[in-house]
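Engineer: Got a structure for you, entry09.txt, holding compact mmCIF, C-alpha atoms and all ligand atoms.
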# COMPACT_ATOMS: atom_id res chain seq x y z
CA MET Z 160 -1.88 -32.78 -10.18
CA SER Z 161 -2.46 -29.83 -7.85
CA PHE Z 162 -4.03 -26.39 -8.21
CA SER Z 163 -3.21 -22.97 -6.81
CA ILE Z 164 -6.11 -21.48 -4.85
CA ALA Z 165 -6.05 -17.76 -4.01
CA LEU Z 166 -8.02 -17.09 -0.83
CA ASN Z 167 -8.95 -13.39 -0.92
CA PHE Z 168 -10.18 -12.36 2.55
CA GLU Z 169 -12.60 -9.56 3.34
CA ASP Z 170 -9.74 -7.29 4.50
CA GLY Z 171 -7.94 -7.69 1.15
CA VAL Z 172 -5.25 -10.05 2.50
CA THR Z 173 -4.67 -12.87 0.02
CA ARG Z 174 -3.10 -16.26 0.75
CA PHE Z 175 -2.29 -18.83 -1.90
CA VAL Z 176 -2.68 -22.51 -1.00
CA THR Z 177 -1.99 -25.64 -3.02
CA CYS Z 178 -4.97 -27.96 -3.39
CA ASN Z 179 -4.25 -31.58 -4.25
CA GLU Z 180 -6.36 -33.51 -6.75
CA GLY Z 181 -9.66 -34.53 -5.11
CA GLU Z 182 -9.03 -32.37 -2.04
CA THR Z 183 -11.59 -29.81 -0.87
CA VAL Z 184 -10.60 -26.16 -0.52
CA LEU Z 185 -11.50 -26.32 3.19
CA ASP Z 186 -9.06 -29.21 3.78
CA ALA Z 187 -6.31 -27.63 1.66
CA ALA Z 188 -6.60 -24.37 3.61
CA TYR Z 189 -6.49 -26.27 6.90
CA ARG Z 190 -3.33 -28.06 5.76
CA HIS Z 191 -1.82 -24.59 5.27
CA ARG Z 192 -2.93 -23.64 8.82
CA ILE Z 193 -5.72 -21.39 7.59
CA ASN Z 194 -8.98 -21.96 9.45
CA LEU Z 195 -11.68 -21.01 6.97
CA PRO Z 196 -15.14 -20.54 8.51
CA MET Z 197 -16.79 -23.97 8.96
CA ASP Z 198 -19.12 -25.83 11.24
CA CYS Z 199 -20.35 -29.19 9.94
CA SER Z 200 -17.82 -29.78 7.14
CA ASP Z 201 -20.61 -31.86 5.59
CA GLY Z 202 -22.54 -29.52 3.30
CA VAL Z 203 -25.33 -29.04 5.85
CA CYS Z 204 -24.87 -25.74 7.69
CA GLY Z 205 -23.72 -23.26 5.00
CA THR Z 206 -21.14 -21.68 7.35
CA CYS Z 207 -18.33 -22.21 4.82
CA LYS Z 208 -20.13 -20.35 2.01
CA CYS Z 209 -17.76 -18.27 -0.14
CA ALA Z 210 -17.78 -16.87 -3.68
CA CYS Z 211 -15.61 -18.28 -6.42
CA ALA Z 212 -14.43 -15.37 -8.60
CA GLU Z 213 -12.49 -17.50 -11.06
CA GLY Z 214 -11.81 -21.12 -11.90
CA ARG Z 215 -13.51 -24.48 -12.42
CA TYR Z 216 -14.59 -26.81 -9.63
CA ASP Z 217 -16.95 -29.61 -8.68
CA LEU Z 218 -19.36 -29.21 -5.76
CA GLY Z 219 -20.73 -32.76 -5.95
CA GLU Z 220 -24.36 -33.43 -4.99
CA GLU Z 221 -24.03 -34.21 -1.31
CA TYR Z 222 -24.87 -30.79 0.13
CA LEU Z 223 -28.27 -29.50 1.26
CA ASP Z 224 -30.22 -26.81 -0.57
CA ASP Z 225 -30.49 -25.00 2.79
CA ALA Z 226 -26.70 -24.73 2.86
CA LEU Z 227 -26.38 -23.58 -0.77
CA SER Z 228 -29.40 -22.95 -2.99
CA GLU Z 229 -29.45 -23.62 -6.73
CA ASP Z 230 -29.52 -19.87 -7.43
CA GLU Z 231 -26.51 -19.29 -5.17
CA ALA Z 232 -24.57 -22.07 -6.86
CA ALA Z 233 -25.48 -20.66 -10.29
CA ALA Z 234 -24.20 -17.24 -9.16
CA GLY Z 235 -20.79 -18.72 -8.27
CA GLN Z 236 -21.31 -19.20 -4.53
CA VAL Z 237 -19.56 -22.30 -3.18
CA LEU Z 238 -19.28 -24.38 -0.03
CA THR Z 239 -15.55 -24.77 0.59
CA CYS Z 240 -16.18 -28.06 2.42
CA GLN Z 241 -17.60 -29.48 -0.84
CA MET Z 242 -15.60 -27.57 -3.43
CA VAL Z 243 -13.05 -29.71 -5.27
CA PRO Z 244 -11.07 -27.52 -7.71
CA GLU Z 245 -10.55 -28.59 -11.32
CA SER Z 246 -8.28 -25.60 -12.14
CA ASP Z 247 -6.56 -22.75 -10.31
CA CYS Z 248 -9.26 -20.75 -8.51
CA VAL Z 249 -9.82 -17.42 -6.78
CA VAL Z 250 -12.09 -17.73 -3.74
CA GLN Z 251 -13.48 -14.67 -1.96
CA VAL Z 252 -13.82 -15.39 1.75
CA PRO Z 253 -16.39 -13.19 3.57
CA SER Z 254 -14.28 -13.02 6.77
CA ALA Z 255 -11.23 -11.07 7.87
CA SER Z 256 -7.91 -12.93 7.57
CA THR Z 257 -7.31 -12.58 11.32
CA LEU Z 258 -10.54 -14.49 12.07
CA CYS Z 259 -9.16 -17.34 9.95
CA ARG Z 260 -5.90 -17.23 11.94
CA THR Z 261 -3.84 -16.05 9.02
CA ALA Z 262 -2.18 -12.86 7.82
CA SER Z 263 -0.21 -11.47 4.90
CA ALA Z 264 2.98 -13.29 4.01
CA GLU Z 265 6.27 -11.48 4.65
CA VAL Z 266 8.93 -12.06 2.02
CA SER Z 267 12.52 -10.83 1.91
CA GLY Z 268 13.90 -9.48 -1.31
CA GLU Z 269 16.72 -7.47 -2.84
CA VAL Z 270 16.63 -4.38 -5.00
CA ALA Z 271 17.54 -5.50 -8.54
CA HIS Z 272 17.44 -2.02 -10.09
CA VAL Z 273 15.90 1.43 -9.84
CA ARG Z 274 15.31 3.12 -13.19
CA ARG Z 275 14.26 6.71 -13.62
CA LEU Z 276 11.50 6.60 -16.25
CA SER Z 277 10.95 10.38 -16.16
CA ASP Z 278 11.30 13.28 -13.72
CA THR Z 279 8.13 12.08 -12.05
CA ALA Z 280 8.38 8.27 -12.08
CA PHE Z 281 10.70 5.44 -11.10
CA GLU Z 282 10.69 1.75 -11.85
CA LEU Z 283 11.74 -0.35 -8.88
CA ALA Z 284 12.58 -4.01 -9.51
CA VAL Z 285 12.93 -6.46 -6.64
CA THR Z 286 14.00 -10.09 -6.71
CA SER Z 287 12.29 -11.92 -3.90
CA ALA Z 288 13.84 -14.74 -1.94
CA GLY Z 289 10.47 -16.38 -1.26
CA ASP Z 290 7.31 -16.92 -3.23
CA MET Z 291 5.28 -13.75 -3.71
CA ALA Z 292 2.27 -14.95 -5.67
CA PHE Z 293 -0.40 -12.31 -6.39
CA LEU Z 294 -3.40 -11.61 -8.56
CA PRO Z 295 -2.87 -9.09 -11.39
CA GLY Z 296 -3.92 -5.68 -9.99
CA GLN Z 297 -3.06 -6.35 -6.34
CA TYR Z 298 -0.53 -4.44 -4.26
CA VAL Z 299 2.04 -5.17 -1.57
CA ASN Z 300 3.46 -3.16 1.34
CA VAL Z 301 7.10 -2.40 0.61
CA GLU Z 302 9.48 -1.47 3.39
CA VAL Z 303 11.45 1.71 2.71
CA PRO Z 304 14.92 0.26 3.41
CA GLY Z 305 16.49 1.46 6.63
CA THR Z 306 13.41 3.30 7.93
CA GLY Z 307 11.04 0.66 9.33
CA GLU Z 308 8.24 2.42 7.36
CA THR Z 309 6.24 0.85 4.55
CA ARG Z 310 4.48 2.16 1.47
CA ALA Z 311 1.84 0.39 -0.64
CA TYR Z 312 2.68 -0.33 -4.30
CA SER Z 313 0.76 -2.18 -6.99
CA PHE Z 314 2.71 -4.82 -8.84
CA SER Z 315 3.32 -3.75 -12.45
CA SER Z 316 4.91 -7.06 -13.43
CA ARG Z 317 3.23 -10.30 -14.40
CA PRO Z 318 2.39 -12.75 -11.60
CA GLY Z 319 5.00 -15.51 -11.63
CA ASP Z 320 7.91 -13.41 -12.95
CA ALA Z 321 11.14 -13.80 -10.97
CA GLU Z 322 11.51 -10.03 -10.83
CA LEU Z 323 8.76 -8.02 -9.12
CA ARG Z 324 8.40 -4.57 -10.67
CA PHE Z 325 6.74 -1.40 -9.42
CA LEU Z 326 5.93 1.93 -11.08
CA ILE Z 327 6.41 4.65 -8.47
CA ARG Z 328 5.63 8.34 -8.56
CA ASN Z 329 8.39 10.72 -7.48
CA VAL Z 330 6.74 12.70 -4.67
CA PRO Z 331 9.15 15.54 -3.80
CA GLY Z 332 10.46 15.03 -0.26
CA GLY Z 333 8.64 11.70 0.12
CA LEU Z 334 10.29 8.96 2.14
CA MET Z 335 10.28 6.27 -0.57
CA SER Z 336 10.85 8.83 -3.31
CA ARG Z 337 13.99 10.13 -1.63
CA TYR Z 338 15.25 6.61 -1.03
CA LEU Z 339 14.80 5.77 -4.72
CA ALA Z 340 16.33 9.04 -5.92
CA GLU Z 341 19.28 9.23 -3.55
CA ARG Z 342 20.18 6.00 -1.75
CA ALA Z 343 18.88 2.91 -3.53
CA ARG Z 344 21.54 0.43 -4.65
CA PRO Z 345 21.20 -3.01 -6.25
CA GLY Z 346 21.40 -5.62 -3.47
CA ASP Z 347 19.67 -3.47 -0.81
CA ALA Z 348 17.55 -5.72 1.40
CA VAL Z 349 13.81 -5.01 1.25
CA THR Z 350 10.83 -6.66 2.95
CA LEU Z 351 7.50 -7.11 1.17
CA THR Z 352 4.26 -7.86 3.01
CA GLY Z 353 1.24 -9.03 1.05
CA PRO Z 354 -0.27 -9.43 -1.43
CA VAL Z 355 -3.30 -7.31 -0.59
CA GLY Z 356 -6.38 -5.92 -2.28
CA SER Z 357 -9.63 -6.72 -3.99
CA PHE Z 358 -8.64 -4.71 -7.08
CA TYR Z 359 -7.69 -7.53 -9.40
CA LEU Z 360 -8.68 -8.61 -12.90
CA ARG Z 361 -11.74 -10.87 -12.97
CA PRO Z 362 -12.37 -13.21 -15.91
CA VAL Z 363 -12.97 -11.04 -18.96
CA THR Z 364 -16.42 -12.08 -20.16
CA ARG Z 365 -17.62 -8.72 -21.56
CA PRO Z 366 -15.89 -5.53 -22.80
CA VAL Z 367 -13.63 -3.83 -20.25
CA LEU Z 368 -12.86 -0.15 -19.72
CA MET Z 369 -9.63 0.58 -17.83
CA LEU Z 370 -9.03 4.11 -16.51
CA ALA Z 371 -5.56 4.92 -15.18
CA GLY Z 372 -4.35 8.17 -13.59
CA GLY Z 373 -0.57 8.74 -13.41
CA THR Z 374 1.27 5.83 -11.79
CA GLY Z 375 -2.20 4.28 -11.40
CA LEU Z 376 -1.09 2.65 -14.66
CA ALA Z 377 0.90 0.11 -12.60
CA PRO Z 378 -1.84 -2.49 -11.88
CA PHE Z 379 -3.03 -2.30 -15.50
CA LEU Z 380 0.45 -3.25 -16.72
CA ALA Z 381 0.19 -6.41 -14.59
CA MET Z 382 -3.36 -7.09 -15.85
CA LEU Z 383 -2.32 -6.61 -19.49
CA GLU Z 384 0.68 -8.90 -19.02
CA SER Z 385 -1.79 -11.55 -17.81
CA LEU Z 386 -4.16 -10.89 -20.71
CA ARG Z 387 -1.24 -11.28 -23.14
CA GLU Z 388 -0.90 -14.80 -21.78
CA ARG Z 389 -4.60 -15.64 -21.37
CA GLY Z 390 -5.83 -13.93 -24.53
CA ASP Z 391 -9.56 -13.69 -23.67
CA GLY Z 392 -10.17 -11.84 -26.97
CA GLU Z 393 -12.78 -9.40 -25.56
CA ARG Z 394 -12.56 -5.64 -26.19
CA VAL Z 395 -10.36 -3.97 -23.57
CA HIS Z 396 -9.87 -0.21 -23.80
CA LEU Z 397 -7.50 1.77 -21.58
CA VAL Z 398 -7.53 5.52 -21.09
CA TYR Z 399 -4.24 6.58 -19.49
CA ALA Z 400 -4.48 10.11 -18.13
CA VAL Z 401 -1.68 12.21 -16.63
CA THR Z 402 -1.15 15.78 -15.50
CA ARG Z 403 1.97 16.82 -17.46
CA ASP Z 404 3.56 15.58 -20.69
CA ASP Z 405 6.53 14.33 -18.68
CA ASP Z 406 4.29 12.02 -16.61
CA LEU Z 407 3.52 9.79 -19.62
CA VAL Z 408 5.63 6.64 -19.28
CA HIS Z 409 5.44 3.10 -20.69
CA VAL Z 410 3.73 4.27 -23.90
CA GLU Z 411 5.89 1.84 -25.88
CA THR Z 412 4.91 -0.95 -23.49
CA LEU Z 413 1.24 -0.15 -24.19
CA GLU Z 414 1.91 -0.16 -27.93
CA GLY Z 415 3.40 -3.62 -27.46
CA PHE Z 416 0.21 -4.78 -25.70
CA ALA Z 417 -1.90 -3.24 -28.51
CA ALA Z 418 0.08 -5.36 -30.99
CA ASP Z 419 -0.01 -8.56 -28.91
CA VAL Z 420 -3.32 -8.59 -26.99
CA ASP Z 421 -6.33 -9.31 -29.18
CA GLY Z 422 -9.00 -6.61 -28.73
CA PHE Z 423 -6.81 -4.20 -26.73
CA THR Z 424 -6.74 -0.47 -27.58
CA PHE Z 425 -5.61 2.58 -25.61
CA THR Z 426 -5.51 6.36 -25.64
CA THR Z 427 -3.51 8.81 -23.58
CA CYS Z 428 -4.41 12.33 -22.47
CA VAL Z 429 -2.71 15.13 -20.55
CA ALA Z 430 -4.56 17.55 -18.27
CA ARG Z 431 -2.34 20.64 -18.31
CA ASP Z 432 -3.17 23.52 -20.69
CA ASP Z 433 0.49 24.02 -21.61
CA SER Z 434 0.77 20.41 -22.83
CA THR Z 435 1.78 19.75 -26.43
CA HIS Z 436 -0.18 16.46 -26.40
CA PRO Z 437 -2.93 16.16 -29.06
CA ARG Z 438 -5.52 15.08 -26.43
CA LYS Z 439 -5.71 17.61 -23.62
CA GLY Z 440 -8.07 17.54 -20.70
CA PHE Z 441 -9.40 15.22 -18.03
CA VAL Z 442 -9.88 11.47 -18.44
CA THR Z 443 -13.68 11.70 -18.70
CA GLN Z 444 -13.34 13.97 -21.76
CA HIS Z 445 -11.60 11.17 -23.64
CA LEU Z 446 -13.96 8.22 -23.37
CA ASP Z 447 -14.48 8.05 -27.15
CA GLY Z 448 -13.53 4.54 -28.20
CA ALA Z 449 -14.64 3.23 -24.80
CA PRO Z 450 -16.99 0.23 -24.79
CA LEU Z 451 -19.93 1.99 -23.04
CA GLU Z 452 -22.79 0.14 -24.76
CA ASP Z 453 -25.89 -0.70 -22.71
CA GLY Z 454 -24.00 -0.90 -19.42
CA ASP Z 455 -22.72 -4.33 -20.44
CA PHE Z 456 -19.07 -3.69 -19.60
CA ASP Z 457 -16.74 -3.85 -16.61
CA VAL Z 458 -14.79 -0.86 -15.34
CA TYR Z 459 -11.43 -0.84 -13.56
CA LEU Z 460 -10.28 2.56 -12.28
CA CYS Z 461 -7.04 3.40 -10.49
CA GLY Z 462 -5.17 6.57 -9.62
CA PRO Z 463 -4.83 9.35 -7.05
CA PRO Z 464 -7.95 9.89 -4.90
CA PRO Z 465 -9.11 13.16 -6.56
CA MET Z 466 -9.02 11.50 -10.01
CA VAL Z 467 -10.89 8.41 -8.79
CA ASP Z 468 -13.53 10.55 -7.04
CA ALA Z 469 -14.00 12.73 -10.12
CA VAL Z 470 -14.52 9.70 -12.39
CA LEU Z 471 -16.96 8.11 -9.92
CA GLY Z 472 -18.87 11.43 -9.81
CA HIS Z 473 -18.93 11.64 -13.62
CA PHE Z 474 -20.36 8.12 -13.97
CA ARG Z 475 -23.00 8.92 -11.33
CA GLU Z 476 -24.01 12.20 -13.00
CA GLU Z 477 -24.20 10.62 -16.45
CA GLY Z 478 -26.17 7.65 -15.10
CA ILE Z 479 -23.60 5.21 -16.49
CA GLU Z 480 -24.00 1.90 -14.66
CA PRO Z 481 -21.49 -0.73 -15.72
CA ALA Z 482 -22.02 -4.42 -14.96
CA SER Z 483 -19.19 -4.23 -12.42
CA PHE Z 484 -17.03 -1.38 -11.13
CA HIS Z 485 -13.69 -1.93 -9.41
CA TYR Z 486 -11.49 0.89 -8.18
CA GLU Z 487 -8.35 1.56 -6.19
CA LYS Z 488 -7.23 4.88 -4.76
CA PHE Z 489 -3.50 5.53 -4.40
CA ALA Z 490 -4.05 7.30 -1.08
CA PRO Z 491 -0.93 8.76 0.57
CA SER Z 492 0.44 6.28 3.07
CA ALA Z 493 -2.55 5.16 5.10
CA PRO Z 494 -2.36 1.80 6.86
CA LEU Z 495 -5.11 0.22 4.82
CA ALA Z 496 -6.08 1.11 1.26
CA GLU Z 497 -9.59 1.95 0.23
CA ALA Z 498 -10.43 -0.52 -2.49
CA LYS Z 499 -13.96 -1.13 -3.60
CA THR Z 500 -15.93 -3.33 -5.88
CA ALA Z 501 -19.53 -2.81 -6.87
C1 LIG I 601 -3.34 0.49 -2.34
C2 LIG I 601 -2.29 1.49 -2.75
C3 LIG I 601 -1.49 1.21 -3.84
C4 LIG I 601 -0.54 2.14 -4.25
N1 LIG I 601 0.20 1.85 -5.35
C5 LIG I 601 1.06 2.80 -5.81
C6 LIG I 601 1.80 2.57 -7.01
O1 LIG I 601 1.74 1.49 -7.63
N2 LIG I 601 2.59 3.58 -7.46
C7 LIG I 601 2.71 4.78 -6.79
O2 LIG I 601 3.42 5.68 -7.26
N3 LIG I 601 2.03 4.99 -5.65
C8 LIG I 601 1.23 4.04 -5.13
N4 LIG I 601 0.57 4.28 -3.97
C9 LIG I 601 0.93 5.47 -3.15
C10 LIG I 601 2.20 5.12 -2.31
O3 LIG I 601 1.84 4.16 -1.33
C11 LIG I 601 2.83 6.30 -1.57
O4 LIG I 601 1.84 7.00 -0.86
C12 LIG I 601 3.56 7.26 -2.51
O5 LIG I 601 4.49 6.57 -3.31
C13 LIG I 601 4.31 8.35 -1.72
O6 LIG I 601 5.29 7.73 -0.92
P1 LIG I 601 6.59 8.53 -0.44
O7 LIG I 601 7.19 7.75 0.68
O8 LIG I 601 7.46 8.89 -1.59
O9 LIG I 601 6.00 9.91 0.15
P2 LIG I 601 5.49 10.12 1.66
O10 LIG I 601 6.65 10.21 2.57
O11 LIG I 601 4.43 9.11 1.98
O12 LIG I 601 4.76 11.51 1.51
C14 LIG I 601 5.47 12.78 1.54
C15 LIG I 601 4.45 13.91 1.50
O13 LIG I 601 3.81 13.94 0.22
C16 LIG I 601 2.39 13.74 0.33
N5 LIG I 601 1.98 12.84 -0.76
C17 LIG I 601 2.16 11.50 -0.80
N6 LIG I 601 1.69 11.01 -1.97
C18 LIG I 601 1.21 12.08 -2.66
C19 LIG I 601 0.60 12.25 -3.91
N7 LIG I 601 0.35 11.22 -4.71
N8 LIG I 601 0.25 13.49 -4.30
C20 LIG I 601 0.50 14.56 -3.51
N9 LIG I 601 1.08 14.47 -2.29
C21 LIG I 601 1.43 13.25 -1.87
C22 LIG I 601 2.20 13.09 1.71
O14 LIG I 601 0.90 13.35 2.24
C23 LIG I 601 3.30 13.72 2.52
O15 LIG I 601 2.93 15.01 2.97
C24 LIG I 601 -0.38 3.37 -3.53
C25 LIG I 601 -1.17 3.62 -2.41
C26 LIG I 601 -2.12 2.70 -2.02
C27 LIG I 601 -2.97 3.01 -0.82
S1 LIG I 602 -19.03 -26.35 6.81
FE1 LIG I 602 -21.15 -26.69 6.90
S2 LIG I 602 -21.73 -26.62 4.81
FE2 LIG I 602 -19.58 -26.45 4.73
As structure tokens - that is how I would like this structure written.

Structural biologist:
Amino acid sequence: MSFSIALNFEDGVTRFVTCNEGETVLDAAYRHRINLPMDCSDGVCGTCKCACAEGRYDLGEEYLDDALSEDEAAAGQVLTCQMVPESDCVVQVPSASTLCRTASAEVSGEVAHVRRLSDTAFELAVTSAGDMAFLPGQYVNVEVPGTGETRAYSFSSRPGDAELRFLIRNVPGGLMSRYLAERARPGDAVTLTGPVGSFYLRPVTRPVLMLAGGTGLAPFLAMLESLRERGDGERVHLVYAVTRDDDLVHVETLEGFAADVDGFTFTTCVARDDSTHPRKGFVTQHLDGAPLEDGDFDVYLCGPPPMVDAVLGHFREEGIEPASFHYEKFAPSAPLAEAKTA
């Protein structure tokens, strides 16, 4: 038996390695030519300390308290030189990928289809020739075919599906937007580099509030696909906010999740005054139904930077302090995304 270990580096780069039964994460990474931080490899120095965000494992009893205290172990800190996985795991490595002599994987793929979901959104589907494993919520850098330029897109499909799907806003005059609108053909070669990002779904152990702006819905579709499979049963409420009526896409998909995923509910709202939608206004005006009790909830927020900043400001002003807060800004093509976790 073997397990899949996602190593999520400080710079957001994520590499998946296979860990054999009884093997430590440090050794498995080394086998995959990834040099995780280490010194003694004996549970003495603490240099290999990481955080395990998800999964079961055994640390044994051979390490020193100086290397990993009881409190640290109880909080999910691990020594990778002692950590023997008992399930698939996600390990957060407090070093940049380059320092561990690794980098994002580059995978070749082909355009399977481009579908126009509305005037303002496309669905791009890519079949990849190689393995593009990712955590639900993460993104990948997609080459705009024939240009040598890349754009970042969150996966909207479920990890493990043969077809990788993306929900992409139609930005008038934009490089990727014009490619999708005018030139894209099934079979076009496309290169994907990733996965990247610390915006991914953690184990759902308390109620979750998801806030999506526009095509910021994409990572939530991937998360909800995963929840459909995992079925954690906790309350998960999504508020999906857009600017114009025409921007609302995938409402039927969300209705499907509401029917299939235990505890999942959602509302939609539209900002523009001329909208015919029953719920008009900004996302923060539609938090009724949100699990905001006693701060004991996790928040995931994704959308264009002004929307993300406005929501962060609203939470600050109202003194709402969730147990954890994860957000991703869909910034116009910058080399590295701003993704934060608090
Ligand atoms: C981590 C991350 C994940 C992302 N995931 C997604 C995703 O899943 N779906 C998605 O639709 N987008 C996503 N984006 C944004 C995406 O990377 C591109 O910026 C966007 O699709 C525009 O690309 P383009 O080539 O069509 O336009 P570009 O050629 O990049 O831009 C053309 C012009 O439009 C401006 N512009 C670009 N984007 C916007 C905007 N949103 N609003 C107003 N003006 C804009 C640019 O500044 C430029 O002047 C993500 C961004 C980041 C950083
Ligand atoms: S490398 Fe020294 S404790 Fe793990």

Engineer: Could you pull out the residues sitting within 9 Å of ligand LIG 601 (chain I), using only C-alpha atoms and all ligand atoms, and write them as a PyMOL selection string?

Structural biologist: chain Z and resi 280-281+297-301+303+308-315+325-339+355-356+358+373-378+461-464+487-498

Engineer: List all protein, DNA and RNA residues that have any atom at most 9 Å from ligand LIG 602 (chain I), counting only C-alpha atoms and all ligand atoms, and write the list as a list in words.

Structural biologist: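 Protein and nucleic-acid residues within 9 Å of ligand LIG 602 (chain I): Leu185, Pro196, Met197, Asp198, Cys199, Ser200, Asp201, Gly202, Val203, Cys204, Gly205, Thr206, Cys207, Lys208, Tyr222, Leu223, Ala226, Leu227, Val237, Leu238, Thr239, Cys240 and Gln241 of chain Z.
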
Engineer: Would you kindly return, as a short mmCIF file (atom, residue, chain, number, x, y, z; two decimals) with C-alpha atoms, keeping the file's coordinate frame, each protein, DNA or RNA residue with an atom no farther than 7 Å from any atom of Asn167 in chain Z, considering all atoms listed in the file and excluding same-chain residues fewer than 4 positions away?

Structural biologist:
data_model
loop_
_atom_site.label_atom_id
_atom_site.label_comp_id
_atom_site.auth_asym_id
_atom_site.auth_seq_id
_atom_site.Cartn_x
_atom_site.Cartn_y
_atom_site.Cartn_z
CA GLY Z 171 -7.94 -7.69 1.15
CA VAL Z 172 -5.25 -10.05 2.50
CA THR Z 173 -4.67 -12.87 0.02
CA ARG Z 174 -3.10 -16.26 0.75
CA VAL Z 250 -12.09 -17.73 -3.74
CA GLN Z 251 -13.48 -14.67 -1.96
CA VAL Z 252 -13.82 -15.39 1.75
#

Engineer: Using only C-alpha atoms, which of the listed residues (Z:Ala210, Z:Leu351, Z:Cys428, Z:Val467) sits closest to Val401 in chain Z?

Structural biologist: Z:Cys428

Engineer: Fewer than 3 positions away in the same chain doesn't count, so skip those; otherwise give me all residues within 8 Å of range 402-413 of chain Z, counting all atoms listed in the file, as a PyMOL selection string.

Structural biologist: chain Z and resi 276-280+373+416-417+425+429-431+434-436

Engineer: Can you spit out the residues from that selection as a PDB file, keeping the file's coordinate frame, using C-alpha atoms?

Structural biologist:
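The resulting again_11.pdb:
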ATOM      1  CA  LEU Z 276      11.500   6.600 -16.250  1.00  0.00           C
ATOM      2  CA  SER Z 277      10.950  10.380 -16.160  1.00  0.00           C
ATOM      3  CA  ASP Z 278      11.300  13.280 -13.720  1.00  0.00           C
ATOM      4  CA  THR Z 279       8.130  12.080 -12.050  1.00  0.00           C
ATOM      5  CA  ALA Z 280       8.380   8.270 -12.080  1.00  0.00           C
ATOM      6  CA  GLY Z 373      -0.570   8.740 -13.410  1.00  0.00           C
ATOM      7  CA  PHE Z 416       0.210  -4.780 -25.700  1.00  0.00           C
ATOM      8  CA  ALA Z 417      -1.900  -3.240 -28.510  1.00  0.00           C
ATOM      9  CA  PHE Z 425      -5.610   2.580 -25.610  1.00  0.00           C
ATOM     10  CA  VAL Z 429      -2.710  15.130 -20.550  1.00  0.00           C
ATOM     11  CA  ALA Z 430      -4.560  17.550 -18.270  1.00  0.00           C
ATOM     12  CA  ARG Z 431      -2.340  20.640 -18.310  1.00  0.00           C
ATOM     13  CA  SER Z 434       0.770  20.410 -22.830  1.00  0.00           C
ATOM     14  CA  THR Z 435       1.780  19.750 -26.430  1.00  0.00           C
ATOM     15  CA  HIS Z 436      -0.180  16.460 -26.400  1.00  0.00           C
TER      16      HIS Z 436
END

Engineer: With all atoms of range 326-329 of chain Z from the file as input, state the centre and edge lengths in Å to one decimal of the axis-aligned box that has 5 Å extra on each side, as AutoDock Vina command-line options.

Structural biologist:
--center_x 7.0 --center_y 6.3 --center_z -9.3 --size_x 12.8 --size_y 18.8 --size_z 13.6

Engineer: By how many Å are CA of Arg324 in chain Z and CA of Glu393 in chain Z apart?

Structural biologist: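 So the answer is 26.3 Å.
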
Engineer: Is there a way to get, as a CSV table (one decimal) with C-alpha atoms, keeping the file's coordinate frame, all residues within 9 Å of the point (-7.1, -1.0, -28.0) in file coordinates, counting only C-alpha atoms?

Structural biologist:
chain,number,residue,atom,x,y,z
Z,394,ARG,CA,-12.6,-5.6,-26.2
Z,395,VAL,CA,-10.4,-4.0,-23.6
Z,396,HIS,CA,-9.9,-0.2,-23.8
Z,397,LEU,CA,-7.5,1.8,-21.6
Z,416,PHE,CA,0.2,-4.8,-25.7
Z,417,ALA,CA,-1.9,-3.2,-28.5
Z,418,ALA,CA,0.1,-5.4,-31.0
Z,420,VAL,CA,-3.3,-8.6,-27.0
Z,421,ASP,CA,-6.3,-9.3,-29.2
Z,422,GLY,CA,-9.0,-6.6,-28.7
Z,423,PHE,CA,-6.8,-4.2,-26.7
Z,424,THR,CA,-6.7,-0.5,-27.6
Z,425,PHE,CA,-5.6,2.6,-25.6
Z,426,THR,CA,-5.5,6.4,-25.6
Z,448,GLY,CA,-13.5,4.5,-28.2

Engineer: Quick one: distance from CA of Met160 in chain Z to CA of Ala188 in chain Z in Å, one decimal?

Structural biologist: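 Rounded to one decimal, the two atoms are 16.8 Å apart.
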